[in-house]
Amino acid sequence: MSDYELDAPVSDAIEHLRALQSIVDAALTHLELDALLDELLVRTRDLLRADTAAILLLDADANELVARAAKGLEEEVDAGIRVPVGRGFAGRIAAERRTVVIDDVDHAELVNPILRQKRVRSLLGAPLLVGGEVIGVVHVGTLVPRTFTPDDHELLQLVADRAALAIDHGRAYEAERALADRLRRLQAVTDVALRHLHPGELLDELVQRVRDILDADTCAVLLLDEERRELVARAAAGLEEEVEAGVRVPLARGFAGRIAAERRPIVIADLEHADVVNPILRQKGLSSLLGVPLLARDRILGVIHVGSLTPRAFTADETELLETAAERAALGLERALLHEQLIELDRVRHAFVAVASHELRTPATAILGSALTLQARQGELEPVQEEALRDTLVTQSQRLALLVEQLLDLSRLEAHAVSVRPERARVGDLLDRTLALIEPAQRAHVTVDVDPDLEVDIDALAFDRIVSNLVVNALRHGAPPVVISVHRHGDGAELRVVVEDAGSGVPDDVRDRLFEQFARGADAAGRPGSGLGLAIARSYAHAHGGRLVLDDDAGDSGARFVAVIPVAAPAP
């Protein structure tokens with residue numbers, strides 16, 4: 001051997017150092033985690049002169065090792081091999097935190113069948129440790145029998161130590177990028193929430209962006225109808241049929257109803273075996289769903305959910321991302337709804353001024369004219385003329401008093417200044433008091449169906465306002481006879497009040513805004529009334545914790561209004 005030649009051990013050591021340096025170089029390179037793992041495995045396999053190399057990372061929640069990258073054993077990763085800590089080859093390495101060797105795979109306990117399928121004969125593995133904690137396992141294998149030496153053990157552990165630092169570095173880099181990406185995605189939702197003041201425009205763009213940031217196939221928003229305690233489909237991407245069909249989901253029922261009632265995220269991994277109210281979800285072929293509530297200052301506005309056409313396990317990070325997006329969207333939605341309400345209030349104010357001025361002017365003018373005539377022509381008028389003027393004074397004074405009473409009711413209800421104080425009362429007596437204020441000629445067209453012994457705990461004023469406004473509406477816009485039916489409902493805890501007439505029903509042009517203030521149909525022109533009665537009746541029903549609806553099943557029998565009012569359950 002010449003003076004310039006190195007002996008074999010020294011040469012091998014130098015090569016090993018060079019190989020280790022290449023692994024360090026890989027560890028210090030800003031590679032994405034998957035690319036980093038692939039690069040580390042190539043260099044590790046070459047360094048140990050092996051045929052296969054694999055890295056399994058620890059799933060701490062499941063206490064399992066998951067195949068993440070492989071060379072020569074790619075099927076491990078494709079199959080998503082998972083090995084419990086403490087079991088099999090890789091599981092022993094993680095549990096014992098030391099290198100483990102298998103000289104003959106055929107006679108060893110293995111959890112992963114792919115090792116035998118690939119005809120691996122010998123294996124050497126080492127734990128990946130960071131700060132004394134196991135984060136995974138790296139192992140190499142040969143397709144021919146091999147006796148791994150103590151130097152091989154030491155070398156693989158050195159590789160594992162450097163690879164563990166590289167993986168930890170890669171994970172941190174990946175987490176940083178994921179956080180930046182998440183912030184970018186959330187900013188997209190924030191931009192939408194702050195840009196639009198119209199709820200419809202906001203929701204249409206929101207479902208598109210949320211579907212994109214969750215990489216989902218569908219996204220839908222359902223908003224809460226507080227009066228009917230139902231969620232109504234308002235916007236969708238990939239589920240447009242929901243909106244077109246006007247899907248409604250009762251609170252606490254099905255997927256969306258549970259989310260709103262429980263005010264928490266819900267994941268459905270397999271829609272086929274889940275309780276859903278909306279049939280369109282199955283019709284569209286959805287497999288998995290993730291939904292969260294839309295909450296603004298602890299007020300439930302609705303629900304937003306995303307879906308996948310293929311089975312998907314939505315992660316905790318994805319759930320948190322959707323929750324954060326929903327929080328920002330809810331604030332924007334609340335702002336848009338408030339803006340819409342302000343516009344509506346402005347419209348109502350203008351309508352109020354217009355209607356009130358017209359309705360007040362007419363009886364006030366008639367009253368003033370009649371009074372002035374009686375005063376100026378005292379002693380000159382014929383008895384018949386005086387009687388007519390007095391009748392005008394009475395009629396128009398009653399009309400004026402009713403309108404003033406309605407306007408006062410409306411102002412109290414809008415200011416939430418109405419307090420409900422239920423007291424024990426006989427329903428028949430309450431109806432008699434209410435109907436006594438209707439002029440006899442019209443009262444003759446009203447019939448009552450009520451048990452004369454029926455007693456409930458109810459606020460008399462609220463009951464009077466509900467019934468009187470419904471009866472006046474029926475007499476004014478319907479046709480006789482008008483029938484009032486009052487009975488206990490369900491288990492007796494509610495009172496069902498039905499007022500129906502024999503007219504032609506509610507006109508189509510006013511049906512959608514029937515309970516709005518000053519809502520009047522085209523055929524109401526020239527008839528007395530301010531368009532406030534039904535709005536006041538419903539507001540009093542709500543103040544009593546109940547509801548007032550138009551019964552769409554009334555058919556051709558006219559208009560049928562149903563008020564359901566909570567009352568005390570009957571005595572045993």
# chains A, B, ... in the order shown; residues from 1 in each chain; ligands from 1
call {"tool": "select_by_dssp", "arguments": {"residues": "region 73-254 of chain A", "states": "alpha helix (DSSP H)", "output": "ChimeraX atom specification"}}
result
/A:74-78,88-96,114-117,150-195,199-213,240-244,254
call {"tool": "write_last_selection", "arguments": {"atoms": "C-alpha atoms", "output": "PDB file, in the first residue's frame"}}
result
ATOM      1  CA  GLU A  74     -44.304   2.450  -1.555  1.00  0.00           C
ATOM      2  CA  GLU A  75     -47.308   0.171  -1.006  1.00  0.00           C
ATOM      3  CA  GLU A  76     -47.006   0.888   2.732  1.00  0.00           C
ATOM      4  CA  VAL A  77     -47.859   4.517   2.152  1.00  0.00           C
ATOM      5  CA  ASP A  78     -50.530   3.811  -0.466  1.00  0.00           C
ATOM      6  CA  GLY A  88     -44.663  -5.702  15.518  1.00  0.00           C
ATOM      7  CA  PHE A  89     -41.309  -4.475  14.284  1.00  0.00           C
ATOM      8  CA  ALA A  90     -41.870  -0.717  14.101  1.00  0.00           C
ATOM      9  CA  GLY A  91     -44.105  -0.723  17.183  1.00  0.00           C
ATOM     10  CA  ARG A  92     -41.338  -2.333  19.282  1.00  0.00           C
ATOM     11  CA  ILE A  93     -38.815   0.260  18.141  1.00  0.00           C
ATOM     12  CA  ALA A  94     -41.102   3.123  19.210  1.00  0.00           C
ATOM     13  CA  ALA A  95     -42.023   1.490  22.527  1.00  0.00           C
ATOM     14  CA  GLU A  96     -38.447   0.486  23.478  1.00  0.00           C
ATOM     15  CA  ILE A 114     -46.386  -5.801   2.987  1.00  0.00           C
ATOM     16  CA  LEU A 115     -42.900  -6.510   4.351  1.00  0.00           C
ATOM     17  CA  ARG A 116     -43.359 -10.205   3.599  1.00  0.00           C
ATOM     18  CA  GLN A 117     -45.205  -9.550   0.351  1.00  0.00           C
ATOM     19  CA  PRO A 150     -23.156  -2.831  15.522  1.00  0.00           C
ATOM     20  CA  ASP A 151     -21.670  -0.163  13.255  1.00  0.00           C
ATOM     21  CA  ASP A 152     -24.828  -0.356  11.115  1.00  0.00           C
ATOM     22  CA  HIS A 153     -26.941   0.082  14.261  1.00  0.00           C
ATOM     23  CA  GLU A 154     -24.937   3.107  15.320  1.00  0.00           C
ATOM     24  CA  LEU A 155     -24.961   4.577  11.849  1.00  0.00           C
ATOM     25  CA  LEU A 156     -28.755   4.224  11.466  1.00  0.00           C
ATOM     26  CA  GLN A 157     -29.312   5.810  14.873  1.00  0.00           C
ATOM     27  CA  LEU A 158     -27.089   8.734  13.852  1.00  0.00           C
ATOM     28  CA  VAL A 159     -29.142   9.007  10.669  1.00  0.00           C
ATOM     29  CA  ALA A 160     -32.363   8.804  12.698  1.00  0.00           C
ATOM     30  CA  ASP A 161     -31.238  11.570  15.046  1.00  0.00           C
ATOM     31  CA  ARG A 162     -30.525  13.902  12.155  1.00  0.00           C
ATOM     32  CA  ALA A 163     -33.649  12.827  10.282  1.00  0.00           C
ATOM     33  CA  ALA A 164     -35.774  13.519  13.383  1.00  0.00           C
ATOM     34  CA  LEU A 165     -34.454  17.075  13.541  1.00  0.00           C
ATOM     35  CA  ALA A 166     -35.107  17.440   9.827  1.00  0.00           C
ATOM     36  CA  ILE A 167     -38.688  16.166  10.233  1.00  0.00           C
ATOM     37  CA  ASP A 168     -39.310  18.456  13.195  1.00  0.00           C
ATOM     38  CA  HIS A 169     -37.921  21.332  11.154  1.00  0.00           C
ATOM     39  CA  GLY A 170     -40.072  20.321   8.171  1.00  0.00           C
ATOM     40  CA  ARG A 171     -43.179  20.056  10.314  1.00  0.00           C
ATOM     41  CA  ALA A 172     -42.598  23.510  11.740  1.00  0.00           C
ATOM     42  CA  TYR A 173     -42.092  24.876   8.236  1.00  0.00           C
ATOM     43  CA  GLU A 174     -45.243  23.080   7.055  1.00  0.00           C
ATOM     44  CA  ALA A 175     -47.232  24.375  10.031  1.00  0.00           C
ATOM     45  CA  GLU A 176     -46.037  27.908   9.334  1.00  0.00           C
ATOM     46  CA  ARG A 177     -47.098  27.644   5.714  1.00  0.00           C
ATOM     47  CA  ALA A 178     -50.429  26.094   6.714  1.00  0.00           C
ATOM     48  CA  LEU A 179     -51.043  28.951   9.149  1.00  0.00           C
ATOM     49  CA  ALA A 180     -50.229  31.522   6.494  1.00  0.00           C
ATOM     50  CA  ASP A 181     -52.526  29.733   4.052  1.00  0.00           C
ATOM     51  CA  ARG A 182     -55.259  29.572   6.655  1.00  0.00           C
ATOM     52  CA  LEU A 183     -54.973  33.297   7.353  1.00  0.00           C
ATOM     53  CA  ARG A 184     -55.128  33.975   3.628  1.00  0.00           C
ATOM     54  CA  ARG A 185     -58.257  31.864   3.288  1.00  0.00           C
ATOM     55  CA  LEU A 186     -59.916  33.482   6.291  1.00  0.00           C
ATOM     56  CA  GLN A 187     -59.084  36.900   4.898  1.00  0.00           C
ATOM     57  CA  ALA A 188     -61.064  35.947   1.804  1.00  0.00           C
ATOM     58  CA  VAL A 189     -64.103  35.337   4.028  1.00  0.00           C
ATOM     59  CA  THR A 190     -63.484  38.553   5.962  1.00  0.00           C
ATOM     60  CA  ASP A 191     -63.286  40.516   2.718  1.00  0.00           C
ATOM     61  CA  VAL A 192     -66.694  39.176   1.701  1.00  0.00           C
ATOM     62  CA  ALA A 193     -68.192  39.851   5.134  1.00  0.00           C
ATOM     63  CA  LEU A 194     -67.022  43.470   5.103  1.00  0.00           C
ATOM     64  CA  ARG A 195     -67.742  44.224   1.462  1.00  0.00           C
ATOM     65  CA  PRO A 199     -77.466  39.602   2.765  1.00  0.00           C
ATOM     66  CA  GLY A 200     -78.220  37.830  -0.518  1.00  0.00           C
ATOM     67  CA  GLU A 201     -75.018  38.996  -2.212  1.00  0.00           C
ATOM     68  CA  LEU A 202     -72.948  38.214   0.886  1.00  0.00           C
ATOM     69  CA  LEU A 203     -74.290  34.663   1.199  1.00  0.00           C
ATOM     70  CA  ASP A 204     -73.916  33.867  -2.503  1.00  0.00           C
ATOM     71  CA  GLU A 205     -70.237  34.785  -2.468  1.00  0.00           C
ATOM     72  CA  LEU A 206     -69.658  33.310   0.977  1.00  0.00           C
ATOM     73  CA  VAL A 207     -70.699  29.758   0.022  1.00  0.00           C
ATOM     74  CA  GLN A 208     -68.343  29.838  -2.960  1.00  0.00           C
ATOM     75  CA  ARG A 209     -65.349  30.932  -0.880  1.00  0.00           C
ATOM     76  CA  VAL A 210     -66.005  28.584   2.028  1.00  0.00           C
ATOM     77  CA  ARG A 211     -66.342  25.664  -0.375  1.00  0.00           C
ATOM     78  CA  ASP A 212     -62.971  26.607  -1.862  1.00  0.00           C
ATOM     79  CA  ILE A 213     -61.099  27.054   1.427  1.00  0.00           C
ATOM     80  CA  GLU A 240     -78.581  24.955  -5.404  1.00  0.00           C
ATOM     81  CA  GLU A 241     -81.653  22.707  -5.310  1.00  0.00           C
ATOM     82  CA  GLU A 242     -81.889  23.350  -1.550  1.00  0.00           C
ATOM     83  CA  VAL A 243     -82.526  27.034  -2.134  1.00  0.00           C
ATOM     84  CA  GLU A 244     -84.793  26.519  -5.135  1.00  0.00           C
ATOM     85  CA  GLY A 254     -81.690  16.329  11.322  1.00  0.00           C
TER      86      GLY A 254
END
call {"tool": "residues_around", "arguments": {"residues": "Arg45 (chain A)", "least_positions_apart": "3", "cutoff": "10 Å", "atoms": "only C-alpha atoms", "output": "PyMOL selection string"}}
result
chain A and resi 40-42+48-54+71-72+139-142+156
call {"tool": "residues_around", "arguments": {"residues": "Cys219 (chain A)", "least_positions_apart": "2", "cutoff": "9 Å", "atoms": "only C-alpha atoms", "output": "list in words"}}
result
Val207, Gln208, Val210, Arg211, Ala216, Asp217, Val221, Ala235, Ala236, Ala237, Gly238, Leu239, Ile304, His305, Val306 and Gly307 of chain A
call {"tool": "write_last_selection", "arguments": {"atoms": "all heavy atoms", "output": "tab-separated table (two decimals), in the first residue's frame"}}
result
chain	number	residue	atom	x	y	z
A	207	VAL	N	-70.69	31.22	0.22
A	207	VAL	CA	-70.70	29.76	0.02
A	207	VAL	C	-69.64	29.33	-0.99
A	207	VAL	O	-69.06	28.24	-0.87
A	207	VAL	CB	-72.10	29.25	-0.39
A	207	VAL	CG1	-73.09	29.43	0.74
A	207	VAL	CG2	-72.60	29.94	-1.65
A	208	GLN	N	-69.38	30.18	-1.98
A	208	GLN	CA	-68.34	29.84	-2.96
A	208	GLN	C	-66.97	29.82	-2.30
A	208	GLN	O	-66.17	28.90	-2.51
A	208	GLN	CB	-68.36	30.86	-4.11
A	208	GLN	CG	-69.64	30.87	-4.93
A	208	GLN	CD	-69.78	29.65	-5.82
A	208	GLN	OE1	-68.84	28.90	-6.03
A	208	GLN	NE2	-70.98	29.45	-6.36
A	210	VAL	N	-66.15	29.60	0.99
A	210	VAL	CA	-66.01	28.58	2.03
A	210	VAL	C	-65.82	27.21	1.39
A	210	VAL	O	-65.02	26.40	1.87
A	210	VAL	CB	-67.22	28.60	2.98
A	210	VAL	CG1	-67.19	27.39	3.91
A	210	VAL	CG2	-67.23	29.88	3.79
A	211	ARG	N	-66.53	26.94	0.32
A	211	ARG	CA	-66.34	25.66	-0.37
A	211	ARG	C	-64.91	25.54	-0.86
A	211	ARG	O	-64.29	24.46	-0.77
A	211	ARG	CB	-67.31	25.54	-1.55
A	211	ARG	CG	-67.17	24.22	-2.30
A	211	ARG	CD	-68.20	24.05	-3.39
A	211	ARG	NE	-68.02	25.00	-4.48
A	211	ARG	CZ	-68.66	24.92	-5.64
A	211	ARG	NH1	-69.53	23.95	-5.86
A	211	ARG	NH2	-68.46	25.82	-6.58
A	216	ALA	N	-64.11	21.51	-0.58
A	216	ALA	CA	-65.29	20.65	-0.52
A	216	ALA	C	-66.04	20.69	-1.85
A	216	ALA	O	-65.73	21.48	-2.74
A	216	ALA	CB	-66.21	21.11	0.61
A	217	ASP	N	-67.02	19.80	-1.97
A	217	ASP	CA	-67.83	19.75	-3.19
A	217	ASP	C	-69.07	20.62	-3.08
A	217	ASP	O	-69.60	21.09	-4.09
A	217	ASP	CB	-68.25	18.31	-3.48
A	217	ASP	CG	-67.06	17.41	-3.75
A	217	ASP	OD1	-66.25	17.76	-4.63
A	217	ASP	OD2	-66.92	16.37	-3.08
A	221	VAL	N	-75.80	27.54	3.24
A	221	VAL	CA	-76.13	28.35	4.41
A	221	VAL	C	-77.63	28.31	4.61
A	221	VAL	O	-78.40	28.53	3.68
A	221	VAL	CB	-75.67	29.81	4.25
A	221	VAL	CG1	-76.24	30.69	5.36
A	221	VAL	CG2	-74.15	29.91	4.25
A	235	ALA	N	-78.67	30.07	0.66
A	235	ALA	CA	-77.62	30.15	-0.36
A	235	ALA	C	-76.89	28.81	-0.41
A	235	ALA	O	-76.76	28.13	0.61
A	235	ALA	CB	-76.63	31.28	-0.06
A	236	ALA	N	-76.43	28.44	-1.61
A	236	ALA	CA	-75.74	27.15	-1.74
A	236	ALA	C	-74.85	27.14	-2.97
A	236	ALA	O	-75.12	27.82	-3.96
A	236	ALA	CB	-76.75	26.00	-1.83
A	237	ALA	N	-73.77	26.37	-2.86
A	237	ALA	CA	-72.88	26.10	-4.00
A	237	ALA	C	-72.76	24.58	-4.11
A	237	ALA	O	-72.30	23.93	-3.18
A	237	ALA	CB	-71.50	26.72	-3.77
A	238	GLY	N	-73.24	24.04	-5.22
A	238	GLY	CA	-73.26	22.60	-5.38
A	238	GLY	C	-74.52	21.97	-4.83
A	238	GLY	O	-74.78	20.79	-5.04
A	239	LEU	N	-75.32	22.76	-4.12
A	239	LEU	CA	-76.61	22.28	-3.57
A	239	LEU	C	-77.70	23.32	-3.86
A	239	LEU	O	-78.56	23.59	-3.02
A	239	LEU	CB	-76.50	22.08	-2.06
A	239	LEU	CG	-75.88	20.77	-1.56
A	239	LEU	CD1	-75.72	20.81	-0.05
A	239	LEU	CD2	-76.74	19.57	-1.95
A	304	ILE	N	-73.93	26.87	8.66
A	304	ILE	CA	-73.21	26.72	7.40
A	304	ILE	C	-72.59	25.33	7.40
A	304	ILE	O	-72.05	24.88	8.42
A	304	ILE	CB	-72.13	27.81	7.21
A	304	ILE	CG1	-71.45	27.66	5.83
A	304	ILE	CG2	-71.10	27.80	8.33
A	304	ILE	CD1	-70.58	28.86	5.45
A	305	HIS	N	-72.74	24.61	6.27
A	305	HIS	CA	-72.15	23.27	6.21
A	305	HIS	C	-71.52	23.02	4.85
A	305	HIS	O	-71.92	23.62	3.84
A	305	HIS	CB	-73.16	22.19	6.56
A	305	HIS	CG	-74.32	22.05	5.60
A	305	HIS	ND1	-74.19	21.53	4.34
A	305	HIS	CD2	-75.64	22.33	5.77
A	305	HIS	CE1	-75.37	21.50	3.75
A	305	HIS	NE2	-76.27	21.99	4.58
A	306	VAL	N	-70.49	22.17	4.86
A	306	VAL	CA	-69.82	21.75	3.63
A	306	VAL	C	-69.95	20.24	3.50
A	306	VAL	O	-70.15	19.52	4.49
A	306	VAL	CB	-68.33	22.15	3.62
A	306	VAL	CG1	-68.17	23.66	3.59
A	306	VAL	CG2	-67.60	21.56	4.82
A	307	GLY	N	-69.87	19.75	2.25
A	307	GLY	CA	-70.02	18.32	2.03
A	307	GLY	C	-69.07	17.80	0.99
A	307	GLY	O	-68.53	18.55	0.17
call {"tool": "closest_residue", "arguments": {"among": "A:Glu334, A:Asp464, A:Glu500, A:Glu439", "to": "Ile536 (chain A)", "atoms": "only C-alpha atoms"}}
result
A:Asp464
call {"tool": "closest_residue", "arguments": {"among": "A:Ile135, A:Asn112, A:Asp553, A:Arg547", "to": "Asp59 (chain A)", "atoms": "only C-alpha atoms"}}
result
A:Ile135
call {"tool": "atom_distance", "arguments": {"atom1": "CA of Leu56 (chain A)", "atom2": "CA of Ile102 (chain A)"}}
result
17.3 Å
call {"tool": "residues_around", "arguments": {"residues": "Val232 (chain A)", "least_positions_apart": "3", "cutoff": "12 Å", "atoms": "only C-alpha atoms", "output": "PyMOL selection string"}}
result
chain A and resi 220-229+235-236+242-251+256-257+260+278+301-304
call {"tool": "closest_residue", "arguments": {"among": "A:Thr147, A:Val472, A:Ala376, A:Phe561", "to": "Leu402 (chain A)", "atoms": "only C-alpha atoms"}}
result
A:Val472
call {"tool": "select_by_dssp", "arguments": {"residues": "region 216-414 of chain A", "states": "strand (DSSP E)", "output": "compact mmCIF listing (two decimals) with N, CA, C and O atoms, in the first residue's frame"}}
result
# COMPACT_ATOMS: atom_id res chain seq x y z
N THR A 218 -69.56 20.81 -1.86
CA THR A 218 -70.77 21.61 -1.66
C THR A 218 -70.62 22.51 -0.44
O THR A 218 -69.81 22.25 0.45
N CYS A 219 -71.42 23.57 -0.43
CA CYS A 219 -71.50 24.44 0.74
C CYS A 219 -72.89 25.05 0.75
O CYS A 219 -73.42 25.41 -0.32
N ALA A 220 -73.49 25.14 1.91
CA ALA A 220 -74.83 25.71 2.01
C ALA A 220 -74.97 26.51 3.30
O ALA A 220 -74.34 26.18 4.32
N VAL A 221 -75.80 27.54 3.24
CA VAL A 221 -76.13 28.35 4.41
C VAL A 221 -77.63 28.31 4.61
O VAL A 221 -78.40 28.53 3.68
N LEU A 222 -78.04 28.00 5.84
CA LEU A 222 -79.45 28.04 6.23
C LEU A 222 -79.59 29.07 7.34
O LEU A 222 -78.81 29.06 8.30
N LEU A 223 -80.55 29.98 7.20
CA LEU A 223 -80.76 31.02 8.21
C LEU A 223 -81.98 30.69 9.05
O LEU A 223 -82.93 30.06 8.58
N LEU A 224 -81.95 31.15 10.30
CA LEU A 224 -83.01 30.82 11.26
C LEU A 224 -84.23 31.72 11.05
O LEU A 224 -84.12 32.94 11.02
N ASP A 225 -85.38 31.07 10.88
CA ASP A 225 -86.67 31.76 10.92
C ASP A 225 -87.16 31.63 12.36
O ASP A 225 -87.68 30.58 12.76
N GLU A 230 -87.46 27.38 12.46
CA GLU A 230 -86.97 26.53 11.39
C GLU A 230 -85.77 27.18 10.71
O GLU A 230 -85.63 28.41 10.71
N LEU A 231 -84.91 26.35 10.14
CA LEU A 231 -83.81 26.84 9.32
C LEU A 231 -84.24 26.81 7.87
O LEU A 231 -84.80 25.81 7.39
N VAL A 232 -83.95 27.89 7.17
CA VAL A 232 -84.38 28.02 5.77
C VAL A 232 -83.15 28.12 4.88
O VAL A 232 -82.27 28.96 5.12
N ALA A 233 -83.08 27.28 3.85
CA ALA A 233 -81.95 27.32 2.91
C ALA A 233 -81.96 28.65 2.17
O ALA A 233 -82.94 28.99 1.51
N ARG A 234 -80.86 29.41 2.29
CA ARG A 234 -80.80 30.74 1.68
C ARG A 234 -79.75 30.86 0.59
O ARG A 234 -79.86 31.72 -0.29
N ALA A 235 -78.67 30.07 0.66
CA ALA A 235 -77.62 30.15 -0.36
C ALA A 235 -76.89 28.81 -0.41
O ALA A 235 -76.76 28.13 0.61
N ALA A 236 -76.43 28.44 -1.61
CA ALA A 236 -75.74 27.15 -1.74
C ALA A 236 -74.85 27.14 -2.97
O ALA A 236 -75.12 27.82 -3.96
N ALA A 237 -73.77 26.37 -2.86
CA ALA A 237 -72.88 26.10 -4.00
C ALA A 237 -72.76 24.58 -4.11
O ALA A 237 -72.30 23.93 -3.18
N ARG A 248 -86.74 23.64 4.38
CA ARG A 248 -86.88 24.09 5.78
C ARG A 248 -86.57 22.93 6.71
O ARG A 248 -87.06 21.81 6.49
N VAL A 249 -85.77 23.18 7.73
CA VAL A 249 -85.37 22.14 8.67
C VAL A 249 -85.74 22.60 10.08
O VAL A 249 -85.26 23.64 10.55
N PRO A 250 -86.60 21.87 10.78
CA PRO A 250 -86.96 22.26 12.15
C PRO A 250 -85.75 22.23 13.08
O PRO A 250 -84.87 21.39 12.94
N ILE A 266 -70.89 19.67 14.01
CA ILE A 266 -71.26 18.26 13.89
C ILE A 266 -70.67 17.72 12.59
O ILE A 266 -70.72 18.38 11.55
N VAL A 267 -70.08 16.53 12.68
CA VAL A 267 -69.50 15.86 11.51
C VAL A 267 -70.30 14.59 11.25
O VAL A 267 -70.61 13.83 12.17
N ILE A 268 -70.64 14.36 9.99
CA ILE A 268 -71.25 13.10 9.57
C ILE A 268 -70.27 12.44 8.62
O ILE A 268 -70.06 12.92 7.50
N SER A 288 -70.09 12.69 3.04
CA SER A 288 -69.67 13.21 4.35
C SER A 288 -70.03 14.68 4.46
O SER A 288 -70.05 15.41 3.46
N LEU A 289 -70.32 15.11 5.70
CA LEU A 289 -70.74 16.49 5.95
C LEU A 289 -70.05 17.04 7.20
O LEU A 289 -69.78 16.31 8.16
N LEU A 290 -69.78 18.34 7.15
CA LEU A 290 -69.27 19.08 8.32
C LEU A 290 -70.05 20.38 8.40
O LEU A 290 -70.15 21.11 7.41
N GLY A 291 -70.63 20.65 9.56
CA GLY A 291 -71.40 21.88 9.72
C GLY A 291 -71.14 22.54 11.05
O GLY A 291 -70.82 21.88 12.05
N VAL A 292 -71.26 23.88 11.08
CA VAL A 292 -71.06 24.65 12.31
C VAL A 292 -72.14 25.72 12.39
O VAL A 292 -72.72 26.12 11.38
N PRO A 293 -72.44 26.21 13.60
CA PRO A 293 -73.44 27.28 13.74
C PRO A 293 -72.88 28.63 13.34
O PRO A 293 -71.67 28.88 13.46
N LEU A 294 -73.76 29.49 12.86
CA LEU A 294 -73.43 30.89 12.61
C LEU A 294 -73.88 31.67 13.84
O LEU A 294 -75.08 31.85 14.07
N LEU A 295 -72.91 32.12 14.63
CA LEU A 295 -73.20 32.80 15.89
C LEU A 295 -72.65 34.21 15.86
O LEU A 295 -71.49 34.41 15.50
N ALA A 296 -73.48 35.17 16.25
CA ALA A 296 -73.03 36.56 16.37
C ALA A 296 -73.44 37.06 17.74
O ALA A 296 -74.64 37.16 18.04
N ARG A 299 -75.86 34.97 19.56
CA ARG A 299 -77.18 34.82 18.94
C ARG A 299 -77.04 33.91 17.73
O ARG A 299 -76.18 34.13 16.88
N ILE A 300 -77.87 32.89 17.65
CA ILE A 300 -77.80 31.95 16.54
C ILE A 300 -78.49 32.56 15.31
O ILE A 300 -79.67 32.92 15.36
N LEU A 301 -77.73 32.73 14.24
CA LEU A 301 -78.28 33.27 13.00
C LEU A 301 -78.64 32.16 12.02
O LEU A 301 -79.54 32.33 11.18
N GLY A 302 -77.93 31.04 12.11
CA GLY A 302 -78.18 29.95 11.18
C GLY A 302 -77.08 28.91 11.24
O GLY A 302 -76.40 28.76 12.27
N VAL A 303 -76.88 28.24 10.13
CA VAL A 303 -75.91 27.14 10.03
C VAL A 303 -75.22 27.20 8.68
O VAL A 303 -75.84 27.57 7.67
N ILE A 304 -73.93 26.87 8.66
CA ILE A 304 -73.21 26.72 7.40
C ILE A 304 -72.59 25.33 7.40
O ILE A 304 -72.05 24.88 8.42
N HIS A 305 -72.74 24.61 6.27
CA HIS A 305 -72.15 23.27 6.21
C HIS A 305 -71.52 23.02 4.85
O HIS A 305 -71.92 23.62 3.84
N VAL A 306 -70.49 22.17 4.86
CA VAL A 306 -69.82 21.75 3.63
C VAL A 306 -69.95 20.24 3.50
O VAL A 306 -70.15 19.52 4.49
N GLY A 307 -69.87 19.75 2.25
CA GLY A 307 -70.02 18.32 2.03
C GLY A 307 -69.07 17.80 0.99
O GLY A 307 -68.53 18.55 0.17
N SER A 308 -68.85 16.49 1.04
CA SER A 308 -67.96 15.81 0.10
C SER A 308 -68.71 14.68 -0.59
O SER A 308 -69.48 13.96 0.05
call {"tool": "atom_distance", "arguments": {"atom1": "CA of Thr324 (chain A)", "atom2": "CA of Leu57 (chain A)"}}
result
28.7 Å
call {"tool": "atom_distance", "arguments": {"atom1": "CA of Gly332 (chain A)", "atom2": "CA of Ala252 (chain A)"}}
result
25.1 Å
